[in-house]
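Below is target-v7.cif, holding mmCIF, C-alpha atoms.
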```
data_my_file
loop_
_atom_site.group_PDB
_atom_site.id
_atom_site.type_symbol
_atom_site.label_atom_id
_atom_site.label_comp_id
_atom_site.auth_asym_id
_atom_site.auth_seq_id
_atom_site.Cartn_x
_atom_site.Cartn_y
_atom_site.Cartn_z
ATOM 1 C CA MET A 13 94.219 32.712 15.937
ATOM 2 C CA LYS A 14 91.208 30.730 16.978
ATOM 3 C CA ILE A 15 87.888 32.510 17.373
ATOM 4 C CA ARG A 16 87.584 31.013 20.861
ATOM 5 C CA GLU A 17 90.831 32.715 21.967
ATOM 6 C CA ILE A 18 89.687 36.049 20.591
ATOM 7 C CA ILE A 19 86.345 35.792 22.379
ATOM 8 C CA PHE A 20 88.130 34.808 25.594
ATOM 9 C CA PHE A 21 90.364 37.894 25.525
ATOM 10 C CA VAL A 22 87.426 40.161 24.657
ATOM 11 C CA ILE A 23 85.538 38.827 27.689
ATOM 12 C CA ILE A 24 88.559 39.494 29.915
ATOM 13 C CA ALA A 25 88.844 43.047 28.566
ATOM 14 C CA VAL A 26 85.174 43.797 29.156
ATOM 15 C CA MET A 27 84.928 42.185 32.598
ATOM 16 C CA PHE A 28 88.017 43.737 34.130
ATOM 17 C CA PRO A 29 88.451 47.352 33.079
ATOM 18 C CA LEU A 30 91.523 48.831 34.728
ATOM 19 C CA SER A 31 93.424 51.977 33.980
ATOM 20 C CA ALA A 32 96.273 50.278 32.111
ATOM 21 C CA VAL A 33 95.452 48.725 28.749
ATOM 22 C CA THR A 34 97.811 46.882 26.434
ATOM 23 C CA GLN A 35 97.843 44.510 23.507
ATOM 24 C CA VAL A 36 97.720 40.830 24.455
ATOM 25 C CA GLN A 37 99.725 38.327 22.500
ATOM 26 C CA SER A 38 98.555 34.818 21.890
ATOM 27 C CA PRO A 39 100.923 31.869 22.386
ATOM 28 C CA SER A 40 101.668 32.059 18.638
ATOM 29 C CA GLY A 41 102.879 35.638 19.122
ATOM 30 C CA ALA A 42 100.076 37.272 17.137
ATOM 31 C CA THR A 43 98.619 40.396 18.715
ATOM 32 C CA SER A 44 94.904 39.989 19.306
ATOM 33 C CA VAL A 45 92.721 42.383 21.261
ATOM 34 C CA SER A 46 93.165 44.942 24.004
ATOM 35 C CA ALA A 47 92.971 43.518 27.499
ATOM 36 C CA THR A 48 93.599 44.756 31.000
ATOM 37 C CA VAL A 49 97.004 44.449 32.586
ATOM 38 C CA SER A 50 97.738 43.370 36.115
ATOM 39 C CA SER A 51 100.404 45.518 37.733
ATOM 40 C CA SER A 52 101.887 42.526 39.565
ATOM 41 C CA GLU A 53 103.863 39.884 37.766
ATOM 42 C CA VAL A 54 103.030 36.227 38.330
ATOM 43 C CA ARG A 55 105.797 33.663 38.534
ATOM 44 C CA GLU A 56 105.528 29.962 37.723
ATOM 45 C CA ALA A 57 106.445 29.027 41.313
ATOM 46 C CA GLU A 58 103.451 31.035 42.554
ATOM 47 C CA VAL A 59 101.186 29.121 40.164
ATOM 48 C CA ARG A 60 102.559 25.765 41.346
ATOM 49 C CA ASP A 61 102.047 26.835 44.991
ATOM 50 C CA PHE A 62 98.478 27.864 44.143
ATOM 51 C CA PHE A 63 97.739 24.420 42.704
ATOM 52 C CA GLY A 64 99.353 22.690 45.670
ATOM 53 C CA ASN A 65 96.929 24.597 47.890
ATOM 54 C CA TYR A 66 94.030 23.945 45.477
ATOM 55 C CA VAL A 67 94.621 20.176 45.552
ATOM 56 C CA ASP A 68 95.131 20.103 49.351
ATOM 57 C CA ARG A 69 91.872 21.938 50.048
ATOM 58 C CA TYR A 70 90.002 19.725 47.577
ATOM 59 C CA ASN A 71 91.383 16.537 49.154
ATOM 60 C CA GLN A 72 90.500 17.844 52.627
ATOM 61 C CA LYS A 73 86.946 18.571 51.397
ATOM 62 C CA ASP A 74 87.412 22.111 52.739
ATOM 63 C CA THR A 75 84.565 23.789 50.850
ATOM 64 C CA ASP A 76 85.153 27.318 52.149
ATOM 65 C CA GLY A 77 88.924 27.085 51.780
ATOM 66 C CA PHE A 78 88.638 25.611 48.294
ATOM 67 C CA LEU A 79 86.138 28.198 47.110
ATOM 68 C CA SER A 80 88.283 31.013 48.520
ATOM 69 C CA LEU A 81 90.593 30.178 45.603
ATOM 70 C CA PHE A 82 87.868 31.259 43.149
ATOM 71 C CA SER A 83 87.091 34.808 42.105
ATOM 72 C CA ALA A 84 83.629 36.098 42.969
ATOM 73 C CA GLU A 85 83.271 36.431 39.178
ATOM 74 C CA ALA A 86 84.316 32.817 38.492
ATOM 75 C CA VAL A 87 82.677 30.831 35.711
ATOM 76 C CA GLN A 88 82.929 27.057 35.533
ATOM 77 C CA ASN A 89 82.224 25.128 32.331
ATOM 78 C CA GLN A 90 81.108 28.318 30.598
ATOM 79 C CA ASN A 91 77.840 28.780 32.505
ATOM 80 C CA GLU A 92 78.124 27.964 36.218
ATOM 81 C CA ARG A 93 78.583 31.046 38.403
ATOM 82 C CA ILE A 94 79.961 31.077 41.938
ATOM 83 C CA GLY A 95 76.653 30.189 43.662
ATOM 84 C CA LYS A 96 76.207 27.062 41.569
ATOM 85 C CA ILE A 97 79.910 26.250 41.849
ATOM 86 C CA ARG A 98 79.524 26.356 45.650
ATOM 87 C CA ARG A 99 76.511 24.002 45.515
ATOM 88 C CA ILE A 100 78.326 21.541 43.221
ATOM 89 C CA TYR A 101 81.427 21.250 45.418
ATOM 90 C CA THR A 102 79.504 21.306 48.705
ATOM 91 C CA ASN A 103 77.335 18.419 47.506
ATOM 92 C CA PHE A 104 80.272 16.426 46.108
ATOM 93 C CA PHE A 105 82.404 16.916 49.233
ATOM 94 C CA GLU A 106 79.486 15.923 51.492
ATOM 95 C CA GLN A 107 78.928 12.731 49.463
ATOM 96 C CA SER A 108 82.607 11.789 49.776
ATOM 97 C CA HIS A 109 84.186 9.882 52.617
ATOM 98 C CA GLU A 110 87.597 10.392 51.040
ATOM 99 C CA LEU A 111 88.910 12.215 47.981
ATOM 100 C CA LYS A 112 92.203 12.084 46.161
ATOM 101 C CA TYR A 113 92.629 14.752 43.495
ATOM 102 C CA GLN A 114 95.711 14.867 41.295
ATOM 103 C CA ILE A 115 96.760 17.299 38.597
ATOM 104 C CA VAL A 116 99.125 15.721 36.083
ATOM 105 C CA GLU A 117 101.661 17.489 33.866
ATOM 106 C CA PRO A 118 100.327 21.060 34.090
ATOM 107 C CA LYS A 119 101.214 23.334 31.193
ATOM 108 C CA ILE A 120 101.506 26.901 32.505
ATOM 109 C CA GLU A 121 101.291 29.909 30.245
ATOM 110 C CA ILE A 122 101.702 33.338 31.815
ATOM 111 C CA PHE A 123 100.071 36.339 30.144
ATOM 112 C CA GLN A 124 99.979 39.979 31.183
ATOM 113 C CA ASN A 125 96.364 39.687 32.329
ATOM 114 C CA GLY A 126 96.468 36.246 33.937
ATOM 115 C CA VAL A 127 97.684 32.677 33.776
ATOM 116 C CA GLU A 128 96.329 29.781 31.769
ATOM 117 C CA VAL A 129 96.965 26.269 33.023
ATOM 118 C CA LYS A 130 96.030 23.133 31.136
ATOM 119 C CA ALA A 131 96.446 19.705 32.666
ATOM 120 C CA ARG A 132 95.081 16.230 32.984
ATOM 121 C CA TYR A 133 93.475 15.404 36.294
ATOM 122 C CA GLU A 134 92.283 12.365 38.182
ATOM 123 C CA ILE A 135 89.794 12.233 41.046
ATOM 124 C CA THR A 136 89.408 9.117 43.175
ATOM 125 C CA GLN A 137 86.346 9.253 45.405
ATOM 126 C CA THR A 138 85.410 6.904 48.209
ATOM 127 C CA PRO A 139 81.708 7.666 48.727
ATOM 128 C CA ARG A 140 80.062 7.819 52.131
ATOM 129 C CA GLY A 141 78.037 4.710 52.820
ATOM 130 C CA GLY A 142 80.207 2.412 50.726
ATOM 131 C CA GLY A 143 79.706 1.437 47.156
ATOM 132 C CA GLY A 144 83.357 1.223 46.198
ATOM 133 C CA LYS A 145 85.766 3.765 44.812
ATOM 134 C CA ARG A 146 84.932 5.903 41.796
ATOM 135 C CA VAL A 147 87.537 7.375 39.494
ATOM 136 C CA TRP A 148 87.127 10.271 37.085
ATOM 137 C CA LYS A 149 89.820 11.344 34.643
ATOM 138 C CA GLY A 150 89.851 14.193 32.205
ATOM 139 C CA ASN A 151 91.362 17.415 30.962
ATOM 140 C CA GLY A 152 91.057 20.752 32.682
ATOM 141 C CA SER A 153 91.796 24.347 31.813
ATOM 142 C CA TRP A 154 92.086 27.073 34.442
ATOM 143 C CA PHE A 155 92.480 30.796 33.873
ATOM 144 C CA LEU A 156 93.820 32.519 36.972
ATOM 145 C CA ILE A 157 93.922 36.211 37.788
ATOM 146 C CA LYS A 158 95.460 38.250 40.582
ATOM 147 C CA GLU A 159 92.758 39.339 42.995
ATOM 148 C CA ASP A 160 93.081 40.566 46.584
ATOM 149 C CA GLY A 161 96.828 39.905 46.466
ATOM 150 C CA GLY A 162 96.573 36.262 45.412
ATOM 151 C CA LEU A 163 95.764 34.061 42.483
ATOM 152 C CA ARG A 164 92.097 33.173 41.961
ATOM 153 C CA VAL A 165 90.303 30.988 39.431
ATOM 154 C CA LEU A 166 88.363 33.134 36.999
ATOM 155 C CA TYR A 167 87.522 30.418 34.478
ATOM 156 C CA LEU A 168 87.568 26.671 34.941
ATOM 157 C CA THR A 169 86.622 24.270 32.210
ATOM 158 C CA TYR A 170 86.831 20.528 32.598
ATOM 159 C CA GLN A 171 85.514 17.499 30.858
ATOM 160 C CA HIS A 172 85.723 14.173 32.588
ATOM 161 C CA GLN A 173 84.392 10.749 32.333
ATOM 162 C CA LYS A 174 83.937 8.180 35.021
ATOM 163 C CA ALA A 175 86.804 5.717 34.577
ATOM 164 C CA LEU A 176 85.765 3.074 37.120
#
```

Would you encode the structure as structure tokens?
Amino acid sequence: MKIREIIFFVIIAVMFPLSAVTQVQSPSGATSVSATVSSSEVREAEVRDFFGNYVDRYNQKDTDGFLSLFSAEAVQNQNERIGKIRRIYTNFFEQSHELKYQIVEPKIEIFQNGVEVKARYEITQTPRGGGGKRVWKGNGSWFLIKEDGGLRVLYLTYQHQKAL
């Protein structure tokens, strides 16, 4: 098992202490560390619905609606907390006349303590004030948890490059 996966599960276990604790298995089937267990089971259809909503709110530049899909404990790119995440998206949405966000070929892996989704994405931005369209493409990884009865982004990591 990769050190990164072990660290990830340790962080989950420390950040979300609940009464039920179990062993978490990695995708390879090897038992790693103790982590908290959500009492509600997540289904793949629920994850796909979540991402449909996520993309719609992004494309509508609905900052509050989009950020409601993030946990208050969310971390983006390993160091950006929710306040900075809000500033990043608010600024980007305000600079955009139009946005088209697409998530391509998501790979969904459901664990007892959350859901990991890995996918390619593409963002096409038409900036306010002209200047032509900009396109970013890259890979993203989301870790979702159940919070307040719905799925929320706990960790988001992405790496993109401007394509056009």

Practice item. Point out the residue among A:Gly162, A:Gly150, A:Gly77, A:Gly141 with the least atom-to-atom distance to Thr102 of chain A, counting only C-alpha atoms. Key: A:Gly77

I need the output of the PyMOL selection byres ((chain A and resi 56-73) around 12) for this file as an mmCIF file with C-alpha atoms, in the frame of the given file; which residues are they?
```
data_model
loop_
_atom_site.group_PDB
_atom_site.id
_atom_site.type_symbol
_atom_site.label_atom_id
_atom_site.label_comp_id
_atom_site.auth_asym_id
_atom_site.auth_seq_id
_atom_site.Cartn_x
_atom_site.Cartn_y
_atom_site.Cartn_z
ATOM 1 C CA SER A 52 101.887 42.526 39.565
ATOM 2 C CA GLU A 53 103.863 39.884 37.766
ATOM 3 C CA VAL A 54 103.030 36.227 38.330
ATOM 4 C CA ARG A 55 105.797 33.663 38.534
ATOM 5 C CA ASP A 74 87.412 22.111 52.739
ATOM 6 C CA THR A 75 84.565 23.789 50.850
ATOM 7 C CA ASP A 76 85.153 27.318 52.149
ATOM 8 C CA GLY A 77 88.924 27.085 51.780
ATOM 9 C CA PHE A 78 88.638 25.611 48.294
ATOM 10 C CA LEU A 79 86.138 28.198 47.110
ATOM 11 C CA SER A 80 88.283 31.013 48.520
ATOM 12 C CA LEU A 81 90.593 30.178 45.603
ATOM 13 C CA PHE A 82 87.868 31.259 43.149
ATOM 14 C CA TYR A 101 81.427 21.250 45.418
ATOM 15 C CA THR A 102 79.504 21.306 48.705
ATOM 16 C CA ASN A 103 77.335 18.419 47.506
ATOM 17 C CA PHE A 104 80.272 16.426 46.108
ATOM 18 C CA PHE A 105 82.404 16.916 49.233
ATOM 19 C CA GLU A 106 79.486 15.923 51.492
ATOM 20 C CA GLN A 107 78.928 12.731 49.463
ATOM 21 C CA SER A 108 82.607 11.789 49.776
ATOM 22 C CA HIS A 109 84.186 9.882 52.617
ATOM 23 C CA GLU A 110 87.597 10.392 51.040
ATOM 24 C CA LEU A 111 88.910 12.215 47.981
ATOM 25 C CA LYS A 112 92.203 12.084 46.161
ATOM 26 C CA TYR A 113 92.629 14.752 43.495
ATOM 27 C CA GLN A 114 95.711 14.867 41.295
ATOM 28 C CA ILE A 115 96.760 17.299 38.597
ATOM 29 C CA VAL A 116 99.125 15.721 36.083
ATOM 30 C CA GLU A 117 101.661 17.489 33.866
ATOM 31 C CA PRO A 118 100.327 21.060 34.090
ATOM 32 C CA LYS A 119 101.214 23.334 31.193
ATOM 33 C CA ILE A 120 101.506 26.901 32.505
ATOM 34 C CA GLU A 121 101.291 29.909 30.245
ATOM 35 C CA ILE A 122 101.702 33.338 31.815
ATOM 36 C CA PHE A 123 100.071 36.339 30.144
ATOM 37 C CA GLY A 126 96.468 36.246 33.937
ATOM 38 C CA VAL A 127 97.684 32.677 33.776
ATOM 39 C CA GLU A 128 96.329 29.781 31.769
ATOM 40 C CA VAL A 129 96.965 26.269 33.023
ATOM 41 C CA LYS A 130 96.030 23.133 31.136
ATOM 42 C CA ALA A 131 96.446 19.705 32.666
ATOM 43 C CA TYR A 133 93.475 15.404 36.294
ATOM 44 C CA GLU A 134 92.283 12.365 38.182
ATOM 45 C CA ILE A 135 89.794 12.233 41.046
ATOM 46 C CA THR A 136 89.408 9.117 43.175
ATOM 47 C CA GLN A 137 86.346 9.253 45.405
ATOM 48 C CA THR A 138 85.410 6.904 48.209
ATOM 49 C CA TRP A 154 92.086 27.073 34.442
ATOM 50 C CA PHE A 155 92.480 30.796 33.873
ATOM 51 C CA LEU A 156 93.820 32.519 36.972
ATOM 52 C CA ILE A 157 93.922 36.211 37.788
ATOM 53 C CA LYS A 158 95.460 38.250 40.582
ATOM 54 C CA GLY A 161 96.828 39.905 46.466
ATOM 55 C CA GLY A 162 96.573 36.262 45.412
ATOM 56 C CA LEU A 163 95.764 34.061 42.483
ATOM 57 C CA ARG A 164 92.097 33.173 41.961
ATOM 58 C CA VAL A 165 90.303 30.988 39.431
#
```

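The spacing separating atom CA of Arg140 of chain A from atom CA of Lys96 of chain A amounts to 22.3 Å.
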
Point to revise | Selected residue, from A:Arg98, A:His172, A:Lys145, A:Arg132, that lies nearest to Ala86 of chain A when counting only C-alpha atoms | key: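 Under the stated criterion, the closest residue is A:Arg98.
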
Study note, to complete from the structure: Expressed in Å, the length from atom CA of Gln173 of chain A to atom CA of Arg93 of chain A is 22.0 Å

Practice item. Determine the residue set returned by the PyMOL selection byres ((chain A and resi 88) around 6) for the present structure, and present it as a PyMOL selection string. Key: chain A and resi 87+89-90+92+167-169

Assuming 8 Å of padding per side, give the centre and edge lengths of the axis-aligned box around every listed atom of segment 151-154 of chain A, in Å to one decimal and as JSON.
```
{"center_x": 91.6, "center_y": 22.2, "center_z": 32.7, "size_x": 17.0, "size_y": 25.7, "size_z": 19.5}
```

Starting from the incomplete input, reconstruct N, CA and C atoms of segment 56-74 of chain A and report them as a PDB file, in the frame of the given file.
```
ATOM      1  N   GLU A  56     105.955  31.362  37.814  1.00  0.00           N
ATOM      2  CA  GLU A  56     105.528  29.962  37.723  1.00  0.00           C
ATOM      3  C   GLU A  56     105.485  29.290  39.093  1.00  0.00           C
ATOM      4  N   ALA A  57     106.427  29.614  39.969  1.00  0.00           N
ATOM      5  CA  ALA A  57     106.445  29.027  41.313  1.00  0.00           C
ATOM      6  C   ALA A  57     105.175  29.389  42.083  1.00  0.00           C
ATOM      7  N   GLU A  58     104.691  30.610  41.895  1.00  0.00           N
ATOM      8  CA  GLU A  58     103.451  31.035  42.554  1.00  0.00           C
ATOM      9  C   GLU A  58     102.258  30.222  42.041  1.00  0.00           C
ATOM     10  N   VAL A  59     102.263  29.919  40.759  1.00  0.00           N
ATOM     11  CA  VAL A  59     101.186  29.121  40.164  1.00  0.00           C
ATOM     12  C   VAL A  59     101.235  27.699  40.717  1.00  0.00           C
ATOM     13  N   ARG A  60     102.419  27.133  40.810  1.00  0.00           N
ATOM     14  CA  ARG A  60     102.559  25.765  41.346  1.00  0.00           C
ATOM     15  C   ARG A  60     102.133  25.727  42.822  1.00  0.00           C
ATOM     16  N   ASP A  61     102.488  26.755  43.590  1.00  0.00           N
ATOM     17  CA  ASP A  61     102.047  26.835  44.991  1.00  0.00           C
ATOM     18  C   ASP A  61     100.528  26.926  45.072  1.00  0.00           C
ATOM     19  N   PHE A  62      99.936  27.729  44.184  1.00  0.00           N
ATOM     20  CA  PHE A  62      98.478  27.864  44.143  1.00  0.00           C
ATOM     21  C   PHE A  62      97.833  26.492  43.945  1.00  0.00           C
ATOM     22  N   PHE A  63      98.341  25.722  42.984  1.00  0.00           N
ATOM     23  CA  PHE A  63      97.739  24.420  42.704  1.00  0.00           C
ATOM     24  C   PHE A  63      98.015  23.403  43.806  1.00  0.00           C
ATOM     25  N   GLY A  64      99.125  23.541  44.502  1.00  0.00           N
ATOM     26  CA  GLY A  64      99.353  22.690  45.670  1.00  0.00           C
ATOM     27  C   GLY A  64      98.279  22.937  46.719  1.00  0.00           C
ATOM     28  N   ASN A  65      97.969  24.200  46.948  1.00  0.00           N
ATOM     29  CA  ASN A  65      96.929  24.597  47.890  1.00  0.00           C
ATOM     30  C   ASN A  65      95.542  24.144  47.401  1.00  0.00           C
ATOM     31  N   TYR A  66      95.302  24.323  46.120  1.00  0.00           N
ATOM     32  CA  TYR A  66      94.030  23.945  45.477  1.00  0.00           C
ATOM     33  C   TYR A  66      93.758  22.449  45.687  1.00  0.00           C
ATOM     34  N   VAL A  67      94.758  21.630  45.402  1.00  0.00           N
ATOM     35  CA  VAL A  67      94.621  20.176  45.552  1.00  0.00           C
ATOM     36  C   VAL A  67      94.451  19.802  47.025  1.00  0.00           C
ATOM     37  N   ASP A  68      95.238  20.407  47.916  1.00  0.00           N
ATOM     38  CA  ASP A  68      95.131  20.103  49.351  1.00  0.00           C
ATOM     39  C   ASP A  68      93.735  20.403  49.887  1.00  0.00           C
ATOM     40  N   ARG A  69      93.202  21.562  49.549  1.00  0.00           N
ATOM     41  CA  ARG A  69      91.872  21.938  50.048  1.00  0.00           C
ATOM     42  C   ARG A  69      90.789  21.045  49.458  1.00  0.00           C
ATOM     43  N   TYR A  70      90.944  20.653  48.213  1.00  0.00           N
ATOM     44  CA  TYR A  70      90.002  19.725  47.577  1.00  0.00           C
ATOM     45  C   TYR A  70      90.042  18.380  48.311  1.00  0.00           C
ATOM     46  N   ASN A  71      91.239  17.842  48.498  1.00  0.00           N
ATOM     47  CA  ASN A  71      91.383  16.537  49.154  1.00  0.00           C
ATOM     48  C   ASN A  71      90.893  16.557  50.595  1.00  0.00           C
ATOM     49  N   GLN A  72      90.985  17.713  51.252  1.00  0.00           N
ATOM     50  CA  GLN A  72      90.500  17.844  52.627  1.00  0.00           C
ATOM     51  C   GLN A  72      89.001  18.106  52.683  1.00  0.00           C
ATOM     52  N   LYS A  73      88.380  18.263  51.505  1.00  0.00           N
ATOM     53  CA  LYS A  73      86.946  18.571  51.397  1.00  0.00           C
ATOM     54  C   LYS A  73      86.619  19.864  52.149  1.00  0.00           C
ATOM     55  N   ASP A  74      87.535  20.808  52.080  1.00  0.00           N
ATOM     56  CA  ASP A  74      87.412  22.111  52.739  1.00  0.00           C
ATOM     57  C   ASP A  74      86.683  23.057  51.776  1.00  0.00           C
TER      58      ASP A  74
END
```
